[in-house]
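First comes the structure, then the notes that go with it.
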Amino acid sequence: MSAEEGSCGPVVVPPAVLEGLETVKRSGAHMVERAHVLVLAKRMDYRQTVRWVEENPEDYARGTLCGFEAGE
């Protein structure tokens with residue numbers, strides 16, 4: 001196993017993106033279902049979250065496993 005495979009740190013996202021992700025998660029969404037997360041984020045008007053998830057599919061997938069944290 002490489003060092004990369006063994007480490008799993010949180011994915012850093014802008015604060016507004018994290019707010020949207022947390023709200024969607026609290027709604028009961030299964031976060032690994034990216035398409036469903038996008039639908040809910042759109043309905044809840046978290047545009048920055050929608051854009052980030054669409055533009056960063058690999059980071060989103062890693063974040064569903066390792067977590068997300070706010071940063072710039």
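Identifiers for the structure tokens are assigned positionally: chains receive A, B, ... in sequence, residues are indexed from 1 per chain, and ligands are indexed from 1 in the order shown.
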Review point. If you run DSSP on the backbone, which residues of chain A are strand (DSSP E or B), as a ChimeraX atom specification?
Key: /A:11-13,68-70
Would you put the residues from that selection into a file with C-alpha atoms, as a tab-separated table (two decimals), in the first residue's frame?
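This went into part-v7.tsv:
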chain	number	residue	atom	x	y	z
A	11	VAL	CA	-11.00	17.63	1.63
A	12	VAL	CA	-10.77	21.41	2.05
A	13	VAL	CA	-13.69	23.31	0.50
A	68	PHE	CA	-14.78	17.80	4.36
A	69	GLU	CA	-13.51	20.87	6.17
A	70	ALA	CA	-13.80	24.58	5.52
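Non-sequential neighbours of Gly20 (chain A) (distance at most 12 Å, separation of 4 or more positions within a chain, only C-alpha atoms) are Val13, Pro14, Pro15, Ala16, Val24, Lys25, Arg26, Ser27, Met31, Val37, Leu38, Val39, Leu40, Ala41, Lys42, Arg43, Met44, Asp45, Tyr46, Arg47, Gln48, Thr49, Val50, Arg51, Trp52, Val53, Phe68 and Ala70 of chain A.
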With C-alpha atoms retained, write the just-selected residues as a PDB file, in the first residue's frame.
ATOM      1  CA  VAL A  13     -13.693  23.312   0.499  1.00  0.00           C
ATOM      2  CA  PRO A  14     -14.893  26.920   0.690  1.00  0.00           C
ATOM      3  CA  PRO A  15     -17.122  27.619   3.731  1.00  0.00           C
ATOM      4  CA  ALA A  16     -20.249  28.147   1.590  1.00  0.00           C
ATOM      5  CA  VAL A  24     -27.810  18.203   2.357  1.00  0.00           C
ATOM      6  CA  LYS A  25     -26.338  15.537   4.652  1.00  0.00           C
ATOM      7  CA  ARG A  26     -28.620  16.590   7.540  1.00  0.00           C
ATOM      8  CA  SER A  27     -31.596  16.198   5.198  1.00  0.00           C
ATOM      9  CA  MET A  31     -23.757  11.436   0.242  1.00  0.00           C
ATOM     10  CA  VAL A  37     -26.801  15.353  -3.630  1.00  0.00           C
ATOM     11  CA  LEU A  38     -26.763  17.675  -6.647  1.00  0.00           C
ATOM     12  CA  VAL A  39     -30.564  17.586  -6.948  1.00  0.00           C
ATOM     13  CA  LEU A  40     -31.021  18.402  -3.265  1.00  0.00           C
ATOM     14  CA  ALA A  41     -28.398  21.148  -3.257  1.00  0.00           C
ATOM     15  CA  LYS A  42     -30.106  22.737  -6.274  1.00  0.00           C
ATOM     16  CA  ARG A  43     -33.516  22.565  -4.573  1.00  0.00           C
ATOM     17  CA  MET A  44     -32.032  24.133  -1.436  1.00  0.00           C
ATOM     18  CA  ASP A  45     -30.402  26.881  -3.551  1.00  0.00           C
ATOM     19  CA  TYR A  46     -26.798  26.053  -2.641  1.00  0.00           C
ATOM     20  CA  ARG A  47     -25.409  27.106  -6.010  1.00  0.00           C
ATOM     21  CA  GLN A  48     -21.760  27.188  -4.913  1.00  0.00           C
ATOM     22  CA  THR A  49     -22.084  23.656  -3.592  1.00  0.00           C
ATOM     23  CA  VAL A  50     -23.636  22.448  -6.837  1.00  0.00           C
ATOM     24  CA  ARG A  51     -20.883  24.077  -8.888  1.00  0.00           C
ATOM     25  CA  TRP A  52     -18.106  22.684  -6.676  1.00  0.00           C
ATOM     26  CA  VAL A  53     -19.501  19.124  -6.713  1.00  0.00           C
ATOM     27  CA  PHE A  68     -14.782  17.795   4.360  1.00  0.00           C
ATOM     28  CA  ALA A  70     -13.804  24.578   5.516  1.00  0.00           C
TER      29      ALA A  70
END
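The two atoms in question, CA of Ala29 (chain A) and CA of Ser7 (chain A), are spaced 25.9 Å apart.
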Point to revise | Members of chain A assigned alpha helix (DSSP H) by DSSP, as a PyMOL selection string | key: chain A and resi 3-6+15-26+34-43+47-55+57-66
Exercise for review: Rank nothing, just name the residue among A:Pro57, A:Gly63, A:Gly28, A:Gly71 nearest to Gly9 (chain A), using only C-alpha atoms.
Suggested key: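 Comparing A:Pro57, A:Gly63, A:Gly28, A:Gly71 against Gly9 (chain A), the winner is A:Gly63.
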